[in-house]
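Okay, work-v6.txt now, which holds compact mmCIF, C-alpha atoms and all ligand atoms:
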# COMPACT_ATOMS: atom_id res chain seq x y z
CA MET A 1 -6.79 24.26 -33.70
CA ILE A 2 -3.49 22.98 -32.42
CA ALA A 3 -3.11 20.40 -35.25
CA GLU A 4 -3.23 23.19 -37.86
CA GLN A 5 -0.81 25.34 -35.89
CA PHE A 6 1.48 22.33 -35.56
CA GLU A 7 1.43 21.84 -39.33
CA GLN A 8 2.28 25.52 -39.89
CA VAL A 9 5.32 25.27 -37.60
CA PHE A 10 6.62 21.76 -38.43
CA GLY A 11 5.14 21.02 -41.88
CA THR A 12 3.37 17.76 -40.90
CA ARG A 13 0.28 16.79 -38.92
CA PRO A 14 0.96 15.72 -35.30
CA ASP A 15 0.85 12.00 -34.44
CA GLY A 16 -1.18 12.84 -31.35
CA VAL A 17 -2.21 15.50 -28.83
CA TRP A 18 -1.81 15.23 -25.05
CA ARG A 19 -2.94 17.36 -22.11
CA ALA A 20 -1.89 17.86 -18.50
CA PRO A 21 -3.76 20.14 -16.08
CA GLY A 22 -2.65 22.83 -13.64
CA ARG A 23 -3.62 22.38 -10.02
CA VAL A 24 -4.71 24.26 -6.97
CA ASN A 25 -4.06 22.95 -3.47
CA LEU A 26 -7.23 23.01 -1.33
CA ILE A 27 -5.34 22.77 1.95
CA GLY A 28 -1.99 21.56 3.31
CA GLU A 29 0.57 24.29 2.63
CA HIS A 30 4.31 23.90 3.27
CA THR A 31 3.53 20.45 4.64
CA ASP A 32 5.11 18.49 1.74
CA TYR A 33 8.74 18.88 2.85
CA ASN A 34 7.65 17.96 6.39
CA ASP A 35 6.47 14.50 5.27
CA GLY A 36 2.90 15.78 5.63
CA LEU A 37 -0.41 15.79 3.79
CA VAL A 38 -1.68 17.79 0.81
CA LEU A 39 -5.04 17.95 -0.97
CA PRO A 40 -4.86 19.39 -4.50
CA ILE A 41 -7.42 19.34 -7.29
CA ALA A 42 -6.55 19.44 -10.98
CA LEU A 43 -7.98 22.43 -12.86
CA SER A 44 -9.67 22.47 -16.26
CA GLN A 45 -6.96 24.92 -17.33
CA GLN A 46 -4.15 22.90 -18.86
CA ILE A 47 -1.10 22.53 -21.07
CA VAL A 48 -1.76 20.89 -24.43
CA VAL A 49 1.12 19.31 -26.38
CA ALA A 50 0.81 18.26 -30.02
CA ALA A 51 3.65 15.97 -31.04
CA ALA A 52 5.09 13.94 -33.90
CA ALA A 53 7.95 11.44 -33.75
CA ARG A 54 11.17 12.20 -35.66
CA PRO A 55 13.50 9.45 -36.86
CA ASP A 56 16.73 11.46 -36.38
CA GLY A 57 16.93 11.85 -32.58
CA ARG A 58 16.41 15.62 -32.82
CA LEU A 59 14.01 17.46 -30.51
CA ARG A 60 12.24 20.60 -31.71
CA PHE A 61 10.07 22.59 -29.32
CA SER A 62 7.74 25.47 -30.10
CA SER A 63 5.02 27.25 -28.14
CA THR A 64 1.91 29.00 -29.42
CA GLN A 65 2.93 31.81 -27.05
CA GLY A 66 6.17 32.46 -28.97
CA ARG A 67 7.06 31.41 -32.50
CA ASP A 68 10.74 30.53 -32.18
CA VAL A 69 11.66 26.86 -32.47
CA ILE A 70 14.18 25.56 -29.92
CA GLU A 71 16.30 22.60 -31.12
CA ALA A 72 18.34 20.02 -29.26
CA ASP A 73 19.76 16.52 -29.69
CA LEU A 74 18.13 13.94 -27.41
CA ALA A 75 21.45 12.12 -26.97
CA ALA A 76 23.29 15.34 -26.03
CA LEU A 77 20.83 16.63 -23.40
CA GLU A 78 22.31 17.37 -20.00
CA PRO A 79 21.17 19.70 -17.20
CA GLY A 80 21.70 23.28 -18.37
CA SER A 81 21.92 22.42 -22.08
CA VAL A 82 18.50 23.95 -22.81
CA SER A 83 17.34 26.97 -20.82
CA ASP A 84 14.23 29.15 -20.50
CA TRP A 85 10.78 27.68 -21.14
CA ALA A 86 12.14 24.88 -23.38
CA ALA A 87 14.03 23.51 -20.35
CA TYR A 88 10.73 21.92 -19.27
CA PRO A 89 10.06 19.75 -22.36
CA ALA A 90 13.83 19.16 -22.72
CA GLY A 91 13.99 18.15 -19.05
CA ALA A 92 11.16 15.69 -19.61
CA ALA A 93 13.05 14.13 -22.55
CA TRP A 94 16.28 14.08 -20.53
CA ILE A 95 14.84 12.26 -17.51
CA LEU A 96 13.11 9.68 -19.72
CA ARG A 97 16.37 9.01 -21.56
CA GLU A 98 18.31 8.90 -18.26
CA SER A 99 15.78 6.44 -16.84
CA GLY A 100 16.29 4.06 -19.74
CA TYR A 101 13.10 4.71 -21.69
CA ASP A 102 13.59 4.37 -25.42
CA VAL A 103 12.08 7.72 -26.39
CA GLY A 104 13.29 9.19 -29.68
CA GLY A 105 13.36 12.52 -31.43
CA ALA A 106 10.14 14.52 -31.70
CA ASN A 107 8.54 17.80 -32.68
CA LEU A 108 6.46 19.33 -29.89
CA LEU A 109 4.09 22.31 -30.03
CA ILE A 110 2.87 23.61 -26.66
CA ASP A 111 -0.40 25.45 -26.11
CA SER A 112 -1.91 26.55 -22.80
CA ASP A 113 -4.82 28.34 -21.12
CA LEU A 114 -3.05 28.16 -17.76
CA PRO A 115 -1.58 31.40 -16.40
CA THR A 116 2.18 31.01 -15.94
CA GLY A 117 3.89 31.95 -12.69
CA ALA A 118 0.56 32.34 -10.84
CA GLY A 119 1.21 29.36 -8.57
CA LEU A 120 -1.13 27.07 -10.54
CA SER A 121 1.76 24.87 -11.60
CA SER A 122 2.04 25.47 -15.31
CA SER A 123 5.60 24.16 -14.91
CA ALA A 124 4.53 20.70 -13.71
CA ALA A 125 1.73 20.58 -16.30
CA LEU A 126 4.24 21.35 -19.06
CA LEU A 127 6.60 18.62 -17.81
CA CYS A 128 3.80 16.06 -17.47
CA ALA A 129 2.24 16.76 -20.88
CA SER A 130 5.65 16.65 -22.56
CA ALA A 131 6.66 13.40 -20.86
CA LEU A 132 3.36 11.73 -21.69
CA ALA A 133 3.66 12.82 -25.34
CA LEU A 134 7.26 11.59 -25.66
CA LEU A 135 6.39 8.22 -24.09
CA GLU A 136 3.15 7.52 -25.95
CA LEU A 137 4.64 8.61 -29.30
CA ARG A 138 6.78 5.46 -28.90
CA GLY A 139 3.98 3.36 -27.43
CA ILE A 140 5.67 3.24 -24.01
CA GLU A 141 3.30 2.85 -21.06
CA VAL A 142 4.35 4.20 -17.67
CA ALA A 143 2.10 4.45 -14.60
CA PRO A 144 0.90 8.02 -13.91
CA ASP A 145 2.53 8.24 -10.47
CA GLU A 146 5.82 7.05 -11.96
CA VAL A 147 5.65 9.78 -14.63
CA ALA A 148 5.07 12.25 -11.78
CA ARG A 149 8.18 11.02 -9.93
CA LEU A 150 10.26 11.18 -13.11
CA VAL A 151 9.31 14.72 -14.06
CA GLN A 152 9.78 15.92 -10.47
CA LYS A 153 13.40 14.83 -10.89
CA ALA A 154 13.53 16.74 -14.17
CA GLU A 155 12.19 19.89 -12.47
CA ASN A 156 14.70 19.46 -9.61
CA ILE A 157 17.78 18.54 -11.59
CA TYR A 158 17.27 19.76 -15.17
CA VAL A 159 15.29 22.96 -14.51
CA GLY A 160 16.95 23.48 -11.11
CA ALA A 161 13.78 24.14 -9.06
CA PRO A 162 13.71 22.43 -5.62
CA VAL A 163 10.01 21.50 -5.81
CA GLY A 164 8.21 18.68 -4.00
CA LEU A 165 6.09 15.98 -5.65
CA MET A 166 2.60 17.44 -5.13
CA ASP A 167 2.26 19.37 -8.39
CA GLN A 168 3.31 16.50 -10.63
CA MET A 169 1.14 13.99 -8.75
CA ALA A 170 -1.87 16.32 -9.02
CA SER A 171 -1.35 16.83 -12.74
CA MET A 172 -0.95 13.08 -13.40
CA CYS A 173 -3.25 11.40 -10.85
CA CYS A 174 -6.25 13.64 -10.11
CA THR A 175 -9.72 12.51 -11.19
CA GLU A 176 -12.80 14.52 -12.09
CA GLY A 177 -14.96 15.58 -9.12
CA HIS A 178 -12.26 14.61 -6.61
CA ALA A 179 -9.40 16.06 -4.66
CA LEU A 180 -6.20 14.04 -4.41
CA PHE A 181 -5.31 13.20 -0.80
CA PHE A 182 -1.57 12.66 -0.97
CA ASP A 183 0.30 11.42 2.10
CA ILE A 184 3.94 12.21 1.41
CA GLN A 185 5.30 10.05 4.24
CA ALA A 186 3.31 6.97 3.25
CA MET A 187 3.63 7.82 -0.49
CA SER A 188 -0.05 6.92 -0.79
CA ILE A 189 -2.89 8.64 -2.60
CA ALA A 190 -6.67 8.52 -2.23
CA GLN A 191 -9.43 10.14 -4.28
CA ILE A 192 -11.71 12.27 -2.07
CA PRO A 193 -15.11 13.34 -3.45
CA PHE A 194 -15.12 17.10 -4.04
CA ASP A 195 -17.92 18.43 -6.19
CA PRO A 196 -18.81 21.97 -5.05
CA ALA A 197 -21.38 22.49 -7.84
CA ALA A 198 -23.38 19.43 -6.75
CA ALA A 199 -23.53 20.93 -3.23
CA GLY A 200 -24.70 24.33 -4.46
CA LEU A 201 -21.23 25.77 -3.90
CA GLN A 202 -18.50 27.28 -5.99
CA LEU A 203 -14.75 27.25 -5.50
CA LEU A 204 -13.27 30.58 -6.55
CA VAL A 205 -9.62 30.78 -7.57
CA ILE A 206 -8.32 34.34 -7.77
CA ASP A 207 -4.87 35.38 -8.95
CA VAL A 208 -4.04 38.38 -6.76
CA LYS A 209 -1.45 39.57 -9.31
CA ALA A 210 1.04 40.50 -6.60
CA PRO A 211 4.66 40.70 -7.68
CA HIS A 212 6.44 37.68 -6.16
CA ARG A 213 8.86 39.03 -3.54
CA HIS A 214 11.94 37.18 -2.19
CA VAL A 215 10.19 33.84 -2.80
CA ASP A 216 13.28 31.63 -3.10
CA GLY A 217 15.04 33.01 -0.01
CA GLU A 218 11.90 32.91 2.14
CA TYR A 219 11.11 29.34 1.00
CA ALA A 220 14.62 28.23 1.93
CA ALA A 221 14.33 29.96 5.32
CA ARG A 222 11.01 28.19 6.09
CA ARG A 223 12.50 24.81 5.19
CA LYS A 224 15.51 25.53 7.35
CA SER A 225 13.31 26.45 10.34
CA CYS A 226 11.33 23.23 10.00
CA GLU A 227 14.49 21.12 9.68
CA ALA A 228 16.16 22.85 12.63
CA ALA A 229 13.07 22.35 14.81
CA ALA A 230 12.78 18.67 13.84
CA ALA A 231 16.47 18.18 14.67
CA GLN A 232 16.07 19.84 18.06
CA LEU A 233 13.02 17.71 18.80
CA GLY A 234 14.89 14.58 17.71
CA VAL A 235 12.34 13.55 15.07
CA PRO A 236 12.93 12.75 11.38
CA SER A 237 10.36 15.37 10.31
CA LEU A 238 7.62 17.52 11.82
CA ARG A 239 5.07 14.91 10.70
CA ALA A 240 6.09 13.02 13.85
CA ILE A 241 4.57 15.73 16.06
CA SER A 242 0.88 15.08 16.74
CA PRO A 243 -1.58 17.89 17.58
CA GLU A 244 -1.78 16.40 21.09
CA GLY A 245 1.99 16.58 21.45
CA LEU A 246 2.27 20.10 20.03
CA ASP A 247 2.36 22.11 23.28
CA ASP A 248 5.00 19.81 24.69
CA ALA A 249 7.08 20.11 21.51
CA LEU A 250 6.77 23.89 21.46
CA ALA A 251 7.94 24.09 25.07
CA ARG A 252 11.14 22.25 24.05
CA LEU A 253 12.04 24.69 21.28
CA ASP A 254 14.39 27.59 22.03
CA ASP A 255 13.60 29.79 19.08
CA GLU A 256 10.37 31.80 19.14
CA VAL A 257 10.17 31.98 15.32
CA ASP A 258 10.76 28.22 14.94
CA ARG A 259 7.96 27.62 17.46
CA ARG A 260 5.48 29.47 15.27
CA ARG A 261 6.70 27.69 12.13
CA VAL A 262 6.20 24.32 13.85
CA ARG A 263 2.73 25.31 15.06
CA HIS A 264 1.70 26.08 11.48
CA VAL A 265 2.98 22.79 10.09
CA VAL A 266 1.46 20.59 12.81
CA THR A 267 -1.94 22.33 12.82
CA GLU A 268 -2.00 22.47 9.01
CA ILE A 269 -1.47 18.71 8.70
CA ALA A 270 -4.35 18.22 11.17
CA ARG A 271 -6.53 20.55 9.10
CA VAL A 272 -5.94 18.45 5.98
CA GLU A 273 -7.15 15.39 7.89
CA GLN A 274 -10.22 17.28 9.10
CA ALA A 275 -10.98 18.54 5.57
CA VAL A 276 -10.76 15.01 4.18
CA GLU A 277 -13.07 13.76 6.94
CA ALA A 278 -15.63 16.49 6.19
CA MET A 279 -15.48 15.87 2.44
CA ARG A 280 -15.84 12.10 2.87
CA ALA A 281 -18.93 12.74 5.03
CA GLY A 282 -20.39 15.12 2.44
CA ARG A 283 -20.02 18.08 4.83
CA LEU A 284 -18.47 20.36 2.20
CA ARG A 285 -19.51 23.59 3.91
CA ASP A 286 -17.45 22.63 6.98
CA VAL A 287 -14.31 22.82 4.85
CA GLY A 288 -14.72 26.61 4.69
CA ALA A 289 -13.72 27.21 8.32
CA LEU A 290 -10.63 25.04 7.80
CA PHE A 291 -9.60 27.19 4.80
CA THR A 292 -9.85 30.31 6.94
CA ALA A 293 -7.96 28.79 9.87
CA SER A 294 -5.25 27.73 7.41
CA HIS A 295 -4.94 31.28 6.12
CA VAL A 296 -4.66 32.75 9.62
CA SER A 297 -1.93 30.21 10.39
CA MET A 298 0.01 31.13 7.24
CA ARG A 299 -0.44 34.84 7.91
CA ASP A 300 0.48 34.88 11.60
CA ASP A 301 2.62 31.79 12.25
CA PHE A 302 4.28 30.89 8.94
CA GLU A 303 4.36 34.51 7.70
CA ILE A 304 4.11 33.78 3.99
CA THR A 305 1.22 36.04 3.02
CA VAL A 306 1.41 39.52 1.48
CA PRO A 307 -1.15 42.36 1.76
CA GLU A 308 -2.85 41.42 -1.53
CA LEU A 309 -3.52 37.87 -0.26
CA ASP A 310 -4.79 39.08 3.12
CA VAL A 311 -7.03 41.75 1.59
CA ALA A 312 -8.52 39.24 -0.88
CA VAL A 313 -9.24 36.72 1.90
CA ASP A 314 -10.71 39.36 4.23
CA ALA A 315 -12.92 40.79 1.47
CA ALA A 316 -14.17 37.30 0.52
CA LEU A 317 -15.04 36.53 4.15
CA ALA A 318 -16.71 39.91 4.68
CA ALA A 319 -18.83 39.19 1.58
CA GLY A 320 -20.03 35.95 3.19
CA ALA A 321 -17.63 33.32 1.84
CA LEU A 322 -17.72 30.06 3.85
CA GLY A 323 -13.93 30.21 3.98
CA ALA A 324 -10.91 31.55 2.12
CA ARG A 325 -7.16 31.12 2.11
CA MET A 326 -4.03 31.80 0.12
CA THR A 327 -2.90 28.73 -1.79
CA GLY A 328 0.56 27.76 -3.03
CA GLY A 329 3.95 28.75 -1.70
CA GLY A 330 2.93 32.26 -0.70
CA PHE A 331 4.30 35.78 -1.26
CA GLY A 332 1.90 36.14 -4.20
CA GLY A 333 -0.07 33.72 -6.36
CA CYS A 334 -3.72 32.91 -5.74
CA ILE A 335 -6.37 32.71 -3.07
CA ILE A 336 -9.21 30.21 -3.05
CA ALA A 337 -12.63 30.88 -1.56
CA LEU A 338 -15.51 28.48 -0.97
CA VAL A 339 -18.81 30.30 -1.54
CA GLU A 340 -22.49 29.56 -2.02
CA ALA A 341 -22.89 29.43 -5.82
CA ALA A 342 -25.42 32.27 -5.69
CA ALA A 343 -22.87 34.49 -3.90
CA ALA A 344 -19.98 33.97 -6.33
CA ASP A 345 -20.48 37.21 -8.28
CA THR A 346 -20.97 39.45 -5.23
CA THR A 347 -17.87 37.89 -3.60
CA LEU A 348 -15.76 38.58 -6.68
CA ALA A 349 -17.12 42.14 -6.87
CA ALA A 350 -16.27 42.69 -3.20
CA ILE A 351 -12.68 41.54 -3.77
CA GLU A 352 -12.35 43.75 -6.86
CA LYS A 353 -13.63 46.73 -4.90
CA ALA A 354 -11.25 46.08 -2.01
CA PHE A 355 -8.32 45.89 -4.46
CA ALA A 356 -9.36 49.17 -6.13
CA ASP A 357 -9.66 50.82 -2.67
CA HIS A 358 -6.12 49.66 -1.80
CA GLY A 359 -4.71 50.74 -5.15
CA PHE A 360 -3.74 47.12 -6.01
CA THR A 361 -3.60 45.73 -9.56
CA ALA A 362 -7.01 44.23 -10.44
CA PRO A 363 -7.23 40.54 -9.40
CA ALA A 364 -7.91 37.86 -12.03
CA PRO A 365 -10.56 35.23 -11.19
CA LEU A 366 -10.45 31.78 -12.81
CA PRO A 367 -13.25 29.24 -13.07
CA ALA A 368 -12.17 26.19 -11.02
CA THR A 369 -13.63 22.73 -11.61
CA PRO A 370 -12.10 19.53 -10.14
CA SER A 371 -10.80 17.99 -13.36
CA PRO A 372 -9.12 14.77 -14.51
CA GLY A 373 -5.36 14.27 -14.62
CA ALA A 374 -3.18 14.12 -17.73
CA SER A 375 -4.40 12.14 -20.74
CA ARG A 376 -4.23 11.73 -24.50
CA LEU A 377 -6.69 13.95 -26.40
CA THR A 378 -6.33 12.59 -29.95
P1 LIG B 401 3.94 28.06 -12.16
O1 LIG B 401 4.34 26.64 -12.21
O2 LIG B 401 3.32 28.46 -10.87
O3 LIG B 401 3.07 28.49 -13.31
P2 LIG B 401 6.75 28.42 -12.57
O4 LIG B 401 7.62 29.61 -12.46
O5 LIG B 401 7.07 27.22 -11.78
O6 LIG B 401 5.26 28.94 -12.26
O7 LIG B 401 6.68 27.96 -14.08
C1 LIG B 401 6.38 28.89 -15.11
C2 LIG B 401 7.29 28.62 -16.30
O8 LIG B 401 6.84 27.46 -17.04
C3 LIG B 401 7.27 29.74 -17.32
O9 LIG B 401 8.17 30.77 -16.96
C4 LIG B 401 7.71 29.01 -18.60
O10 LIG B 401 9.11 28.82 -18.60
C5 LIG B 401 7.06 27.64 -18.43
N1 LIG B 401 5.76 27.60 -19.14
C6 LIG B 401 4.54 27.49 -18.58
N2 LIG B 401 3.58 27.50 -19.51
C7 LIG B 401 4.19 27.61 -20.71
C8 LIG B 401 3.74 27.68 -22.10
N3 LIG B 401 2.46 27.65 -22.41
N4 LIG B 401 4.68 27.81 -23.06
C9 LIG B 401 5.98 27.87 -22.74
N5 LIG B 401 6.45 27.82 -21.49
C10 LIG B 401 5.58 27.69 -20.48
MG MG B 402 5.81 25.75 -10.93

Serialized structure, structure tokens:
Amino acid sequence: MIAEQFEQVFGTRPDGVWRAPGRVNLIGEHTDYNDGLVLPIALSQQIVVAAAARPDGRLRFSSTQGRDVIEADLAALEPGSVSDWAAYPAGAAWILRESGYDVGGANLLIDSDLPTGAGLSSSAALLCASALALLELRGIEVAPDEVARLVQKAENIYVGAPVGLMDQMASMCCTEGHALFFDIQAMSIAQIPFDPAAAGLQLLVIDVKAPHRHVDGEYAARRKSCEAAAAQLGVPSLRAISPEGLDDALARLDDEVDRRRVRHVVTEIARVEQAVEAMRAGRLRDVGALFTASHVSMRDDFEITVPELDVAVDAALAAGALGARMTGGGFGGCIIALVEAAAADTTLAAIEKAFADHGFTAPAPLPATPSPGASRLT
């Protein structure tokens, strides 16, 4: 139990235990920085933070995955002052202090059943759980979406990762049995019923265990393409291009690569809308075809897949999945597949066999249940 482990490390019982989940995006990839739409669910896999207040303004962080205790002074925190994994809880403390919240010193022990670096957003979960713990230790109440905005700043400025707001919003604001429909332009969220089990379905999440290749450079290049195309079209962002206006917009673009990037973004935003419509109408099986169309768009137009992702998607579809796609930023990470519950095992076996045939590292499946956002456990 985390309370016992906490006592072993810090010598006292924790004042409380908090949790924040990882997430998987159902559809809407590389749409966030185009003012678009995303549709994540929170996972049951999560970061758990046990914490106790300290009177001396010191911060001490430890993780059950490594015994060393990292120390810092709350008052002395500035971007870069704590590095490595402890930059996440330190970044949470820093942004709360910077934003005028009267958080104090604390001991924090972090535990997790969320794979790190698999694209399931362990980073945002760690930030959210840490921020919630630091706030509630002092009895400070902050709205979940505001916590999300704060820790996004911490990830951007303190950790130095240029991430959007989806991961933090998913970890803070998702609810059980729902996907979070997040409109980045409107800054609005809506809870969309998504309960595969109740429909006789299962959502598979499979880490394809591919080494991430050139992720940062490729991400920057995709953003640049989208910004250049928006500038040439004279719009603030690609969100302004409707599916009806797509052909006309494409005809006005000089660069062949930019044209394909734009086609992905515009059609992907439309697919999110269609997925939400189908889910609201209880037509969950119809979402499958949208997953697959999204994958084809990312493979051929946005060019962010790698062979492991394509092989996993193809094997899932050949085994009868209703739909499958890579999820996350691309170049590695996970695929998701929507399957009849009875076909889950044969689909996984088919993917494993395809990976063995290709000589790939064995993929790692994860149970995926639409779960609630961050909360206090004890
Ligand atoms: P992702 O968010 O997709 O999991 P990132 O590279 O954004 O991948 O974040 C992973 C980083 O988050 C890890 O390298 C580590 O620094 C930190 N982290 C995640 N989980 C833990 C944990 N349980 N204990 C300590 N650090 C963690
Ligand atoms: Mg991350």

### Message
Report, in Å to a single decimal, how far apart atom CA of Ser122 of chain A and atom CA of Ala220 of chain A are.
### Response
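It comes out at 21.5 Å.
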
### Residues within 10 Å of Ser130 of chain A, all atoms listed in the file, excluding chain neighbours under 6 positions, as a PyMOL selection string
chain A and resi 18-20+47-51+88-93+108-110+124+151

Select from chain A every residue with an atom at most 8 Å from any atom of ligand LIG 401 (chain B), then for each give the shortest pair of atoms and their distance in Å to one decimal, using only C-alpha atoms and all ligand atoms, rows by chain and rising number, as CSV.
residue,atom,partner,partner_atom,distance
A:Ile47,CA,B:LIG401,N3,6.4
A:Ser62,CA,B:LIG401,C9,7.9
A:Ser63,CA,B:LIG401,N4,5.1
A:Thr64,CA,B:LIG401,N4,7.0
A:Gln65,CA,B:LIG401,N4,5.9
A:Gly66,CA,B:LIG401,N4,7.7
A:Asp84,CA,B:LIG401,O10,5.5
A:Trp85,CA,B:LIG401,O10,3.2
A:Ala86,CA,B:LIG401,N5,6.7
A:Ala87,CA,B:LIG401,O10,7.4
A:Tyr88,CA,B:LIG401,C5,6.8
A:Ile110,CA,B:LIG401,N4,5.8
A:Asp111,CA,B:LIG401,N3,5.2
A:Ser112,CA,B:LIG401,N3,4.5
A:Asp113,CA,B:LIG401,N3,7.4
A:Leu114,CA,B:LIG401,N2,6.9
A:Pro115,CA,B:LIG401,O3,6.3
A:Thr116,CA,B:LIG401,O3,3.7
A:Gly117,CA,B:LIG401,O6,3.3
A:Ala118,CA,B:LIG401,O2,4.8
A:Gly119,CA,B:LIG401,O2,3.2
A:Leu120,CA,B:LIG401,O2,4.7
A:Ser121,CA,B:LIG401,O1,3.2
A:Ser122,CA,B:LIG401,O3,3.8
A:Ser123,CA,B:LIG401,O1,3.9
A:Ala124,CA,B:LIG401,O1,6.1
A:Ala125,CA,B:LIG401,O1,7.8
A:Leu126,CA,B:LIG401,C6,6.2
A:Ala161,CA,B:LIG401,O5,7.9
A:Gly333,CA,B:LIG401,O2,7.7

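Remark: for ligand MG 402 (chain B), the closest of the candidate residues A:Ser237, A:Thr267, A:Ser375, A:Ser171 is A:Ser171 (distances computed over all atoms listed in the file).
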
Residues at most 8 Å from Met172 of chain A, counting all atoms listed in the file, excluding those fewer than 5 positions away in the same chain, as a compact mmCIF listing (two decimals) with C-alpha atoms, in the frame of the given file?
# COMPACT_ATOMS: atom_id res chain seq x y z
CA ALA A 20 -1.89 17.86 -18.50
CA CYS A 128 3.80 16.06 -17.47
CA PRO A 144 0.90 8.02 -13.91
CA ASP A 145 2.53 8.24 -10.47
CA VAL A 147 5.65 9.78 -14.63
CA ALA A 148 5.07 12.25 -11.78
CA GLY A 373 -5.36 14.27 -14.62
CA ALA A 374 -3.18 14.12 -17.73

### Task
Go through A:Tyr101, A:Phe181, A:Phe360, A:Tyr219 one by one, measure the shortest atom-to-atom distance of each to Glu277 of chain A using only C-alpha atoms, and give the residue with the smallest value.
A:Phe181

### Message
Residues near Tyr33 of chain A, anyone? I mean within 12 Å using only C-alpha atoms, not counting same-chain ones fewer than 5 positions away, as a PyMOL selection string.
### Response
chain A and resi 28+38+162-166+183-185+219-220+222-227+230+236-239+265+269+329

As JSON: centre and edge lengths in Å, one decimal, of the axis-aligned box holding segment 248-262 of chain A with 8 Å per side:
{"center_x": 9.7, "center_y": 25.9, "center_z": 18.6, "size_x": 25.4, "size_y": 28.2, "size_z": 28.9}
